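*Asks:* Input structure: model-v8.json, which contains JSON, C-alpha atoms and all ligand atoms.
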[["chain", "number", "residue", "atom", "x", "y", "z"],
["A", 1, "MET", "CA", -16.11, -13.87, 1.62],
["A", 2, "ILE", "CA", -14.35, -14.46, -1.66],
["A", 3, "GLU", "CA", -11.86, -12.18, -3.39],
["A", 4, "GLY", "CA", -12.28, -11.32, -7.04],
["A", 5, "ILE", "CA", -11.82, -8.71, -9.71],
["A", 6, "ILE", "CA", -14.56, -6.72, -11.45],
["A", 7, "THR", "CA", -14.36, -7.39, -15.18],
["A", 8, "ARG", "CA", -17.51, -5.57, -16.32],
["A", 9, "GLY", "CA", -20.06, -3.15, -14.96],
["A", 10, "VAL", "CA", -23.46, -2.53, -16.51],
["A", 11, "GLY", "CA", -26.19, -0.46, -14.88],
["A", 12, "GLY", "CA", -25.25, -1.21, -11.28],
["A", 13, "ASN", "CA", -24.50, -4.87, -11.98],
["A", 14, "TYR", "CA", -20.90, -5.91, -11.59],
["A", 15, "TYR", "CA", -19.39, -9.09, -12.97],
["A", 16, "VAL", "CA", -16.71, -10.35, -10.62],
["A", 17, "ASP", "CA", -14.15, -12.94, -11.70],
["A", 18, "ILE", "CA", -13.40, -15.11, -8.66],
["A", 19, "GLY", "CA", -11.05, -17.42, -10.53],
["A", 20, "ASP", "CA", -13.11, -20.38, -11.65],
["A", 21, "LYS", "CA", -16.29, -18.44, -12.50],
["A", 22, "ILE", "CA", -17.96, -15.05, -12.80],
["A", 23, "ILE", "CA", -20.32, -13.87, -10.05],
["A", 24, "GLU", "CA", -22.98, -11.27, -10.83],
["A", 25, "CYS", "CA", -22.96, -8.72, -8.03],
["A", 26, "ARG", "CA", -24.69, -5.65, -6.73],
["A", 27, "ALA", "CA", -22.72, -3.10, -4.78],
["A", 28, "ARG", "CA", -23.70, -2.45, -1.19],
["A", 29, "GLY", "CA", -25.35, 0.84, -0.33],
["A", 30, "LEU", "CA", -22.48, 1.83, 1.89],
["A", 31, "PHE", "CA", -20.30, 2.58, -1.16],
["A", 32, "ARG", "CA", -22.85, 5.11, -2.34],
["A", 33, "LEU", "CA", -22.82, 6.67, 1.11],
["A", 34, "LYS", "CA", -19.04, 7.02, 0.95],
["A", 35, "ASN", "CA", -19.33, 8.22, -2.64],
["A", 36, "ILE", "CA", -17.23, 5.34, -3.96],
["A", 37, "LYS", "CA", -18.23, 3.79, -7.25],
["A", 38, "PRO", "CA", -16.85, 0.32, -7.96],
["A", 39, "LEU", "CA", -14.77, 0.28, -11.12],
["A", 40, "VAL", "CA", -13.81, -2.36, -13.60],
["A", 41, "GLY", "CA", -10.46, -3.68, -12.42],
["A", 42, "ASP", "CA", -11.31, -3.19, -8.75],
["A", 43, "ARG", "CA", -10.20, -5.99, -6.46],
["A", 44, "VAL", "CA", -13.17, -6.72, -4.27],
["A", 45, "LEU", "CA", -14.49, -8.96, -1.52],
["A", 46, "VAL", "CA", -17.76, -10.63, -2.43],
["A", 47, "ARG", "CA", -20.40, -12.27, -0.28],
["A", 48, "ILE", "CA", -22.25, -14.96, -2.24],
["A", 49, "THR", "CA", -26.01, -14.96, -1.70],
["A", 50, "GLU", "CA", -27.61, -17.95, -0.02],
["A", 51, "GLU", "CA", -30.24, -18.43, -2.74],
["A", 52, "ASP", "CA", -27.93, -18.28, -5.75],
["A", 53, "GLU", "CA", -24.27, -19.27, -5.73],
["A", 54, "ASP", "CA", -23.62, -17.26, -8.91],
["A", 55, "ALA", "CA", -24.83, -13.98, -7.39],
["A", 56, "GLY", "CA", -23.49, -11.84, -4.61],
["A", 57, "TYR", "CA", -22.78, -8.51, -3.02],
["A", 58, "ILE", "CA", -19.59, -6.50, -3.19],
["A", 59, "GLU", "CA", -18.73, -5.87, 0.45],
["A", 60, "GLU", "CA", -15.32, -4.28, 0.16],
["A", 61, "ILE", "CA", -13.13, -2.59, -2.42],
["A", 62, "LYS", "CA", -9.37, -2.92, -2.01],
["A", 63, "GLU", "CA", -7.24, 0.19, -2.26],
["A", 64, "ARG", "CA", -6.51, 1.11, -5.88],
["A", 65, "THR", "CA", -2.97, 1.22, -7.23],
["A", 66, "SER", "CA", -3.98, 3.20, -10.30],
["A", 67, "GLU", "CA", -7.03, 4.62, -12.03],
["A", 68, "ILE", "CA", -7.30, 5.53, -15.68],
["A", 69, "LYS", "CA", -10.12, 7.33, -17.50],
["A", 70, "ARG", "CA", -11.59, 6.50, -20.90],
["A", 71, "PRO", "CA", -12.12, 3.72, -20.15],
["A", 72, "ASN", "CA", -12.42, 4.09, -16.41],
["A", 73, "VAL", "CA", -10.35, 1.18, -15.11],
["A", 74, "ALA", "CA", -8.76, 0.60, -11.72],
["A", 75, "ASN", "CA", -5.50, -1.20, -10.96],
["A", 76, "ALA", "CA", -4.17, -1.34, -14.52],
["A", 77, "GLN", "CA", -0.47, -2.19, -14.34],
["A", 78, "GLN", "CA", 1.01, -1.96, -17.81],
["A", 79, "LEU", "CA", 0.47, 0.22, -20.83],
["A", 80, "ILE", "CA", 1.28, -1.70, -23.99],
["A", 81, "ILE", "CA", 2.09, 0.98, -26.55],
["A", 82, "ILE", "CA", 1.76, -0.50, -30.02],
["A", 83, "PHE", "CA", 3.16, 1.05, -33.18],
["A", 84, "SER", "CA", 4.20, -0.64, -36.42],
["A", 85, "ILE", "CA", 7.68, -0.37, -37.83],
["A", 86, "LYS", "CA", 6.08, 0.65, -41.15],
["A", 87, "ASN", "CA", 2.65, 0.78, -42.83],
["A", 88, "PRO", "CA", 2.13, 3.15, -41.04],
["A", 89, "GLU", "CA", 5.47, 4.46, -39.77],
["A", 90, "PRO", "CA", 5.53, 5.32, -36.08],
["A", 91, "SER", "CA", 4.90, 8.83, -34.82],
["A", 92, "PHE", "CA", 7.58, 9.23, -32.17],
["A", 93, "LEU", "CA", 5.88, 12.31, -30.79],
["A", 94, "LEU", "CA", 2.66, 10.39, -30.14],
["A", 95, "LEU", "CA", 4.75, 7.55, -28.72],
["A", 96, "ASP", "CA", 6.37, 10.00, -26.29],
["A", 97, "LYS", "CA", 2.95, 11.32, -25.28],
["A", 98, "LEU", "CA", 1.81, 7.79, -24.49],
["A", 99, "LEU", "CA", 4.97, 7.16, -22.45],
["A", 100, "ILE", "CA", 4.20, 10.32, -20.49],
["A", 101, "ALA", "CA", 0.58, 9.19, -20.05],
["A", 102, "ALA", "CA", 1.88, 5.89, -18.64],
["A", 103, "SER", "CA", 4.15, 7.73, -16.24],
["A", 104, "LEU", "CA", 1.36, 10.07, -15.09],
["A", 105, "ASN", "CA", -1.02, 7.15, -14.60],
["A", 106, "LYS", "CA", 1.48, 4.96, -12.74],
["A", 107, "LEU", "CA", 1.51, 2.31, -15.46],
["A", 108, "LYS", "CA", 4.63, 0.49, -16.57],
["A", 109, "PRO", "CA", 5.05, 1.20, -20.29],
["A", 110, "VAL", "CA", 6.04, -1.48, -22.76],
["A", 111, "ILE", "CA", 6.89, -0.30, -26.27],
["A", 112, "CYS", "CA", 5.70, -2.87, -28.77],
["A", 113, "ILE", "CA", 6.90, -2.34, -32.32],
["A", 114, "ASN", "CA", 4.65, -4.48, -34.48],
["A", 115, "LYS", "CA", 4.86, -5.76, -38.09],
["A", 116, "SER", "CA", 8.51, -6.48, -37.44],
["A", 117, "ASP", "CA", 8.42, -8.96, -40.32],
["A", 118, "LEU", "CA", 8.61, -5.86, -42.54],
["A", 119, "ALA", "CA", 11.84, -4.62, -40.94],
["A", 120, "ASP", "CA", 15.49, -5.52, -41.27],
["A", 121, "GLU", "CA", 18.03, -5.57, -38.46],
["A", 122, "LYS", "CA", 19.16, -1.99, -39.17],
["A", 123, "GLU", "CA", 15.62, -0.64, -38.84],
["A", 124, "ARG", "CA", 15.18, -2.39, -35.51],
["A", 125, "GLU", "CA", 18.45, -0.97, -34.25],
["A", 126, "ASN", "CA", 17.38, 2.54, -35.24],
["A", 127, "ILE", "CA", 14.33, 2.19, -32.99],
["A", 128, "LEU", "CA", 16.38, 0.84, -30.08],
["A", 129, "ASP", "CA", 18.79, 3.73, -30.55],
["A", 130, "ILE", "CA", 16.00, 6.30, -30.09],
["A", 131, "PHE", "CA", 15.25, 4.86, -26.66],
["A", 132, "LYS", "CA", 18.83, 4.35, -25.48],
["A", 133, "ASN", "CA", 19.37, 5.15, -21.82],
["A", 134, "THR", "CA", 15.63, 5.28, -21.13],
["A", 135, "GLY", "CA", 15.33, 1.83, -19.57],
["A", 136, "TYR", "CA", 12.03, 1.29, -21.37],
["A", 137, "LYS", "CA", 11.10, -2.26, -22.26],
["A", 138, "ILE", "CA", 10.94, -2.56, -26.06],
["A", 139, "ILE", "CA", 9.77, -5.62, -27.97],
["A", 140, "PHE", "CA", 9.36, -6.33, -31.67],
["A", 141, "THR", "CA", 6.33, -8.36, -32.64],
["A", 142, "SER", "CA", 4.65, -9.77, -35.71],
["A", 143, "LYS", "CA", 1.68, -12.04, -36.14],
["A", 144, "TYR", "CA", 3.95, -13.99, -38.51],
["A", 145, "GLU", "CA", 6.70, -14.54, -35.92],
["A", 146, "PRO", "CA", 5.55, -17.02, -33.23],
["A", 147, "ASP", "CA", 8.54, -16.41, -30.95],
["A", 148, "SER", "CA", 7.67, -12.72, -30.73],
["A", 149, "LEU", "CA", 4.13, -13.65, -29.67],
["A", 150, "LEU", "CA", 5.50, -15.87, -26.90],
["A", 151, "GLU", "CA", 7.60, -12.96, -25.66],
["A", 152, "LEU", "CA", 4.57, -10.66, -25.65],
["A", 153, "LYS", "CA", 2.47, -13.24, -23.79],
["A", 154, "GLU", "CA", 5.18, -13.56, -21.17],
["A", 155, "ILE", "CA", 5.03, -9.79, -20.60],
["A", 156, "LEU", "CA", 1.22, -9.69, -20.40],
["A", 157, "LYS", "CA", 0.85, -12.75, -18.18],
["A", 158, "ASP", "CA", -0.89, -12.20, -14.83],
["A", 159, "LYS", "CA", -1.05, -8.41, -15.29],
["A", 160, "VAL", "CA", -3.86, -5.98, -16.07],
["A", 161, "ASN", "CA", -2.72, -4.62, -19.43],
["A", 162, "VAL", "CA", -3.97, -1.55, -21.26],
["A", 163, "PHE", "CA", -3.46, -1.60, -25.03],
["A", 164, "SER", "CA", -2.95, 1.64, -26.85],
["A", 165, "GLY", "CA", -1.79, 2.81, -30.24],
["A", 166, "PRO", "CA", -3.09, 4.29, -33.49],
["A", 167, "SER", "CA", -5.31, 2.29, -35.82],
["A", 168, "GLY", "CA", -3.73, 0.29, -38.59],
["A", 169, "VAL", "CA", -0.68, -0.80, -36.59],
["A", 170, "GLY", "CA", -2.08, -4.31, -36.15],
["A", 171, "LYS", "CA", -3.50, -4.15, -32.63],
["A", 172, "SER", "CA", -6.50, -6.35, -33.36],
["A", 173, "SER", "CA", -4.42, -8.82, -35.40],
["A", 174, "LEU", "CA", -1.95, -9.05, -32.54],
["A", 175, "MET", "CA", -4.67, -9.67, -29.95],
["A", 176, "ASN", "CA", -6.21, -12.37, -32.14],
["A", 177, "ALA", "CA", -2.81, -13.98, -32.62],
["A", 178, "ILE", "CA", -2.09, -14.27, -28.90],
["A", 179, "GLU", "CA", -5.67, -15.07, -27.93],
["A", 180, "PRO", "CA", -7.47, -17.11, -30.61],
["A", 181, "GLY", "CA", -10.75, -16.75, -28.71],
["A", 182, "PHE", "CA", -10.90, -13.00, -29.33],
["A", 183, "HIS", "CA", -11.97, -12.86, -33.03],
["A", 184, "LEU", "CA", -11.51, -9.10, -33.27],
["A", 185, "GLU", "CA", -12.20, -7.52, -36.64],
["A", 186, "THR", "CA", -9.12, -6.50, -38.58],
["A", 187, "GLY", "CA", -8.34, -4.40, -41.62],
["A", 188, "GLU", "CA", -9.40, -0.98, -42.79],
["A", 189, "ILE", "CA", -12.92, -1.82, -43.98],
["A", 190, "SER", "CA", -14.06, -3.20, -40.66],
["A", 191, "GLU", "CA", -12.52, -0.18, -38.91],
["A", 192, "LYS", "CA", -14.71, 2.12, -40.99],
["A", 193, "LEU", "CA", -17.83, 0.11, -40.31],
["A", 194, "LYS", "CA", -17.19, 0.14, -36.60],
["A", 195, "ARG", "CA", -16.78, 3.91, -36.41],
["A", 196, "GLY", "CA", -19.74, 5.64, -34.83],
["A", 197, "LYS", "CA", -21.19, 2.40, -33.52],
["A", 198, "HIS", "CA", -19.46, 2.15, -30.19],
["A", 199, "THR", "CA", -20.30, 5.61, -28.91],
["A", 200, "THR", "CA", -21.56, 4.43, -25.54],
["A", 201, "ARG", "CA", -18.72, 2.20, -24.46],
["A", 202, "HIS", "CA", -18.85, 0.55, -21.10],
["A", 203, "ALA", "CA", -15.53, -0.44, -19.63],
["A", 204, "GLU", "CA", -14.64, -4.09, -19.71],
["A", 205, "ILE", "CA", -11.45, -6.01, -19.12],
["A", 206, "PHE", "CA", -10.93, -9.24, -21.02],
["A", 207, "LYS", "CA", -9.50, -12.28, -19.37],
["A", 208, "LEU", "CA", -6.44, -13.76, -21.04],
["A", 209, "SER", "CA", -6.40, -17.56, -21.23],
["A", 210, "PHE", "CA", -2.74, -17.63, -20.14],
["A", 211, "GLY", "CA", -3.34, -15.35, -17.14],
["A", 212, "GLY", "CA", -4.08, -11.65, -16.72],
["A", 213, "TYR", "CA", -6.40, -9.19, -18.42],
["A", 214, "ALA", "CA", -6.44, -6.87, -21.40],
["A", 215, "VAL", "CA", -8.32, -3.67, -22.06],
["A", 216, "ASP", "CA", -8.28, -1.45, -25.12],
["A", 217, "THR", "CA", -8.15, 2.32, -24.82],
["A", 218, "PRO", "CA", -8.96, 4.80, -27.55],
["A", 219, "GLY", "CA", -8.67, 7.62, -25.01],
["A", 220, "PHE", "CA", -4.92, 7.81, -24.67],
["A", 221, "SER", "CA", -4.44, 8.64, -28.33],
["A", 222, "SER", "CA", -6.08, 12.02, -27.81],
["A", 223, "PHE", "CA", -3.97, 12.56, -24.73],
["A", 224, "GLU", "CA", -3.18, 16.17, -23.86],
["A", 225, "LEU", "CA", -0.52, 17.19, -21.44],
["A", 226, "GLU", "CA", -2.88, 17.52, -18.51],
["A", 227, "GLY", "CA", -1.29, 18.10, -15.17],
["A", 228, "ILE", "CA", 2.25, 18.74, -16.41],
["A", 229, "ASP", "CA", 3.97, 22.07, -16.13],
["A", 230, "GLU", "CA", 7.15, 23.11, -17.90],
["A", 231, "TYR", "CA", 9.30, 22.13, -14.91],
["A", 232, "SER", "CA", 7.86, 18.65, -14.43],
["A", 233, "LEU", "CA", 7.90, 17.55, -18.09],
["A", 234, "LYS", "CA", 11.56, 16.54, -17.93],
["A", 235, "ASN", "CA", 10.84, 14.10, -15.10],
["A", 236, "HIS", "CA", 8.93, 11.99, -17.61],
["A", 237, "TYR", "CA", 12.04, 11.53, -19.78],
["A", 238, "PRO", "CA", 14.17, 8.92, -17.93],
["A", 239, "GLU", "CA", 17.30, 9.65, -19.97],
["A", 240, "ILE", "CA", 17.05, 13.36, -19.12],
["A", 241, "VAL", "CA", 16.67, 12.46, -15.45],
["A", 242, "LYS", "CA", 19.72, 10.22, -15.83],
["A", 243, "TYR", "CA", 22.01, 12.96, -17.18],
["A", 244, "ASP", "CA", 20.40, 15.90, -15.36],
["A", 245, "GLU", "CA", 23.43, 17.06, -13.41],
["A", 246, "GLY", "CA", 25.80, 19.98, -13.67],
["A", 247, "CYS", "CA", 23.77, 22.39, -15.78],
["A", 248, "ARG", "CA", 24.80, 26.01, -15.12],
["A", 249, "PHE", "CA", 21.31, 26.86, -13.90],
["A", 250, "LEU", "CA", 19.76, 24.72, -11.18],
["A", 251, "ASP", "CA", 16.27, 25.01, -12.69],
["A", 252, "CYS", "CA", 17.56, 24.45, -16.24],
["A", 253, "LEU", "CA", 14.80, 23.37, -18.62],
["A", 254, "HIS", "CA", 17.48, 22.19, -21.06],
["A", 255, "TYR", "CA", 15.98, 24.57, -23.58],
["A", 256, "LYS", "CA", 17.89, 27.72, -24.54],
["A", 257, "GLU", "CA", 20.00, 28.03, -21.41],
["A", 258, "PRO", "CA", 23.80, 28.16, -21.79],
["A", 259, "GLY", "CA", 25.95, 25.55, -20.06],
["A", 260, "CYS", "CA", 23.35, 22.81, -20.41],
["A", 261, "GLN", "CA", 24.54, 19.24, -19.79],
["A", 262, "ILE", "CA", 21.51, 17.69, -21.49],
["A", 263, "LYS", "CA", 22.23, 19.45, -24.77],
["A", 264, "LYS", "CA", 25.80, 18.21, -24.39],
["A", 265, "ALA", "CA", 24.55, 14.66, -23.82],
["A", 266, "VAL", "CA", 22.50, 14.94, -27.02],
["A", 267, "ASP", "CA", 25.57, 16.17, -28.94],
["A", 268, "GLU", "CA", 27.60, 13.28, -27.53],
["A", 269, "GLY", "CA", 24.97, 10.78, -28.64],
["A", 270, "LEU", "CA", 23.94, 9.71, -25.13],
["A", 271, "ILE", "CA", 20.40, 11.01, -25.60],
["A", 272, "SER", "CA", 18.52, 10.59, -28.88],
["A", 273, "ARG", "CA", 17.98, 13.82, -30.81],
["A", 274, "ILE", "CA", 14.51, 12.64, -31.78],
["A", 275, "ARG", "CA", 13.53, 12.29, -28.12],
["A", 276, "TYR", "CA", 15.15, 15.61, -27.20],
["A", 277, "ASN", "CA", 13.37, 17.42, -30.06],
["A", 278, "ASN", "CA", 10.05, 15.91, -28.95],
["A", 279, "TYR", "CA", 10.75, 17.11, -25.42],
["A", 280, "ILE", "CA", 11.33, 20.64, -26.77],
["A", 281, "ARG", "CA", 8.14, 20.52, -28.86],
["A", 282, "LEU", "CA", 6.10, 19.45, -25.85],
["A", 283, "LEU", "CA", 7.83, 22.02, -23.66],
["A", 284, "GLU", "CA", 6.96, 24.79, -26.13],
["A", 285, "GLN", "CA", 3.38, 23.53, -26.28],
["A", 286, "ILE", "CA", 3.10, 23.68, -22.48],
["A", 287, "LYS", "CA", 4.70, 27.13, -22.38],
["A", 288, "SER", "CA", 2.37, 28.56, -25.04],
["A", 289, "ASN", "CA", -0.77, 27.37, -23.25],
["A", 290, "LYS", "CA", 0.28, 29.26, -20.19],
["A", 291, "PRO", "CA", -1.50, 32.57, -19.58],
["A", 292, "TYR", "CA", 1.22, 35.11, -18.85],
["A", 301, "LIG", "N1", 3.11, -7.32, -42.34],
["A", 301, "LIG", "C1", 2.26, -7.37, -41.31],
["A", 301, "LIG", "N2", 0.99, -6.86, -41.43],
["A", 301, "LIG", "C2", 0.16, -6.90, -40.36],
["A", 301, "LIG", "C3", 0.57, -7.46, -39.12],
["A", 301, "LIG", "N3", -0.46, -7.34, -38.25],
["A", 301, "LIG", "C4", -1.46, -6.75, -38.91],
["A", 301, "LIG", "N4", -1.11, -6.48, -40.20],
["A", 301, "LIG", "C5", -1.96, -5.83, -41.22],
["A", 301, "LIG", "O1", -2.19, -4.47, -40.83],
["A", 301, "LIG", "C6", -3.53, -4.06, -41.16],
["A", 301, "LIG", "C7", -4.23, -3.52, -39.94],
["A", 301, "LIG", "O2", -4.40, -4.55, -38.96],
["A", 301, "LIG", "P1", -5.43, -4.43, -37.72],
["A", 301, "LIG", "O3", -5.17, -5.60, -36.84],
["A", 301, "LIG", "O4", -6.82, -4.22, -38.19],
["A", 301, "LIG", "O5", -4.88, -3.08, -37.04],
["A", 301, "LIG", "P2", -5.55, -2.20, -35.87],
["A", 301, "LIG", "O6", -6.27, -1.08, -36.55],
["A", 301, "LIG", "O7", -4.39, -1.66, -35.08],
["A", 301, "LIG", "O8", -6.43, -3.06, -35.04],
["A", 301, "LIG", "C8", -4.21, -5.30, -41.75],
["A", 301, "LIG", "O9", -4.19, -5.19, -43.16],
["A", 301, "LIG", "C9", -3.34, -6.45, -41.28],
["A", 301, "LIG", "O10", -3.36, -7.55, -42.15],
["A", 301, "LIG", "C10", 1.92, -8.00, -39.03],
["A", 301, "LIG", "O11", 2.37, -8.51, -37.99],
["A", 301, "LIG", "N5", 2.71, -7.90, -40.14],
["A", 302, "MG", "MG", -8.42, -2.80, -34.52],
["A", 303, "ZN", "ZN", 20.18, 21.86, -18.90]]
Translate the structure of the given file into structure tokens.
Ligand SMILES: Nc1nc2c(ncn2[C@@H]2O[C@H](COP(=O)(O)OP(=O)(O)O)[C@@H](O)[C@H]2O)c(=O)[nH]1
Ligand SMILES: [Mg+2]
Ligand SMILES: [Zn+2]

*Replies:*
Amino acid sequence: MIEGIITRGVGGNYYVDIGDKIIECRARGLFRLKNIKPLVGDRVLVRITEEDEDAGYIEEIKERTSEIKRPNVANAQQLIIIFSIKNPEPSFLLLDKLLIAASLNKLKPVICINKSDLADEKERENILDIFKNTGYKIIFTSKYEPDSLLELKEILKDKVNVFSGPSGVGKSSLMNAIEPGFHLETGEISEKLKRGKHTTRHAEIFKLSFGGYAVDTPGFSSFELEGIDEYSLKNHYPEIVKYDEGCRFLDCLHYKEPGCQIKKAVDEGLISRIRYNNYIRLLEQIKSNKPY
């Protein structure tokens, strides 16, 4: 049997990339018995049919390391969160929500600040300052700066990458710049035309010529704080975890409690006030949804 990765699934047919070619496969009945549905991104073992060397059966699905919804993809490894430094300016609250989504979905987040040709050194430093002490990987990219594209490619290489970010930040332009074979539509007019067309999306991961895969997700942008309660939210802020020691109350939410070390760390400039304020906004949102 040959190992491969499912890149596309349409009506019970699965397209499995085995390295040098794509094999069209059916899943074996035993998956249905076990109530397992093969997903795009699944690493599988395939038995090639005797009659046709481009067709086969999926015999085994390897254990998944992650599973995201909308689109439903298994084994994604990185979430590439794309915002632009301006036109439009980044929403740091949405950026935080995407970082939390990455954390919840066991994806490594990479913050990609695009259109960096429009920014000066000071503006870049302001962004880096917001994420100080988080440990997040942050890169600045522009379709006009070839070195930045090389850096992005190095990060994407050999990984299953999920792209996320609001429209207009240059996602499609960026993909086209790193992968000339993509020919994605760019600009506002094409965005409008596309709207409403792709209502029945089937998941698909796209092979990158330099190694790895890419998949686009519209779903994460409407992300709600599913599965997080007020006490677990802080675990998704690495810099809060880092300085979370010595608060007067053991279960301190770093909210209105006296003797809070996190508020002190914000005052001392160790934690960005923008990040802290977002944390408080999300905390209040979680609290208010709670039926008391
Ligand atoms: N200055 C600058 N503009 C860019 C860059 N990338 C894209 N744009 C412009 O931003 C607009 C939106 O780009 P598009 O790729 O369609 O964004 P998407 O909606 O995120 O896919 C277009 O007018 C692009 O020409 C960049 O690196 N620098
Ligand atoms: Mg686009
Ligand atoms: Zn505290």

*Asks:* Give the residue list for ligand MG 302 (chain A) at 6 Å, counting only C-alpha atoms and all ligand atoms, as number ranges by chain, sorted by chain and then by residue number.

*Replies:* A: 171-172, 186

*Asks:* Quick one: pull the distance between atom CA of Arg275 of chain A and atom CA of Lys86 of chain A, Å, one decimal.

*Replies:*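 About the pair atom CA of Arg275 of chain A and atom CA of Lys86 of chain A: they are 19.0 Å apart.
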
*Asks:* Got a sec to check which residues lie within 7 Å of ligand LIG 301 (chain A), using all atoms listed in the file, and send them as number ranges by chain?

*Replies:* A: 114-118, 141-144, 166-174, 185-188, 191

*Asks:* Excluding segment 252-262 of chain A and its own-chain neighbours fewer than 4 positions away, which residues fall within 12 Å of it when counting all atoms listed in the file? Please give them as a count of residues only.

*Replies:* 38

*Asks:* May I have the centre and edge lengths, in Å to one decimal, of an axis-aligned box around the listed atoms of segment 161-170 of chain A with 6 Å added to every side, as JSON?

*Replies:*
{"center_x": -3.0, "center_y": -0.2, "center_z": -29.0, "size_x": 16.6, "size_y": 20.9, "size_z": 31.2}

*Asks:* List the residues sitting within 9 Å of (-14.7, -3.0, -18.1) in the file's frame, using only C-alpha atoms, as JSON, numbers by chain.

*Replies:* {"A": [6, 7, 8, 9, 10, 39, 40, 41, 71, 72, 73, 202, 203, 204, 205, 206, 215]}

*Asks:* Measure the distance from atom CA of Glu59 of chain A to atom CA of Asn105 of chain A in Å and round it to one decimal.

*Replies:*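 About the pair atom CA of Glu59 of chain A and atom CA of Asn105 of chain A: they are 26.6 Å apart.
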
*Asks:* Tell me, as a PDB file with C-alpha atoms, in the coordinates of the input, which residues lie within 12 Å of Glu125 of chain A, counting only C-alpha atoms; anything in the same chain fewer than 4 positions away does not count.

*Replies:*
ATOM      1  CA  ILE A  85       7.680  -0.370 -37.830  1.00  0.00           C
ATOM      2  CA  ILE A 113       6.900  -2.340 -32.320  1.00  0.00           C
ATOM      3  CA  SER A 116       8.510  -6.480 -37.440  1.00  0.00           C
ATOM      4  CA  ALA A 119      11.840  -4.620 -40.940  1.00  0.00           C
ATOM      5  CA  ASP A 120      15.490  -5.520 -41.270  1.00  0.00           C
ATOM      6  CA  GLU A 121      18.030  -5.570 -38.460  1.00  0.00           C
ATOM      7  CA  ASP A 129      18.790   3.730 -30.550  1.00  0.00           C
ATOM      8  CA  ILE A 130      16.000   6.300 -30.090  1.00  0.00           C
ATOM      9  CA  PHE A 131      15.250   4.860 -26.660  1.00  0.00           C
ATOM     10  CA  LYS A 132      18.830   4.350 -25.480  1.00  0.00           C
ATOM     11  CA  ILE A 138      10.940  -2.560 -26.060  1.00  0.00           C
ATOM     12  CA  ILE A 139       9.770  -5.620 -27.970  1.00  0.00           C
ATOM     13  CA  PHE A 140       9.360  -6.330 -31.670  1.00  0.00           C
TER      14      PHE A 140
END

*Asks:* One decimal, in Å: what's the spacing between atom CA of Ile18 of chain A and atom CA of Ile5 of chain A?

*Replies:* 6.7 Å

*Asks:* Using all atoms listed in the file, which of the listed residues (A:Lys153, A:Arg26, A:Lys137, A:Arg64) sits closest to Val46 of chain A?

*Replies:* A:Arg26

*Asks:* Might you pull out every residue within 10 Å of Asp42 of chain A, with only C-alpha atoms counted and same-chain residues fewer than 3 positions away left off, and present them as a list in words?

*Replies:*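 My reading of the contact set: Gly4, Ile5, Ile6, Thr7, Val16, Lys37, Pro38, Leu39, Leu45, Glu60, Ile61, Lys62, Glu63, Arg64, Thr65, Ser66, Glu67, Val73, Ala74, Asn75 and Ala76 of chain A.
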
*Asks:* Considering all atoms listed in the file, can you say which of A:Ile36, A:Ile286, A:Glu123, A:Asp251 comes closest to ligand ZN 303 (chain A)?

*Replies:*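 Result for the nearest residue to ligand ZN 303 (chain A): A:Asp251.
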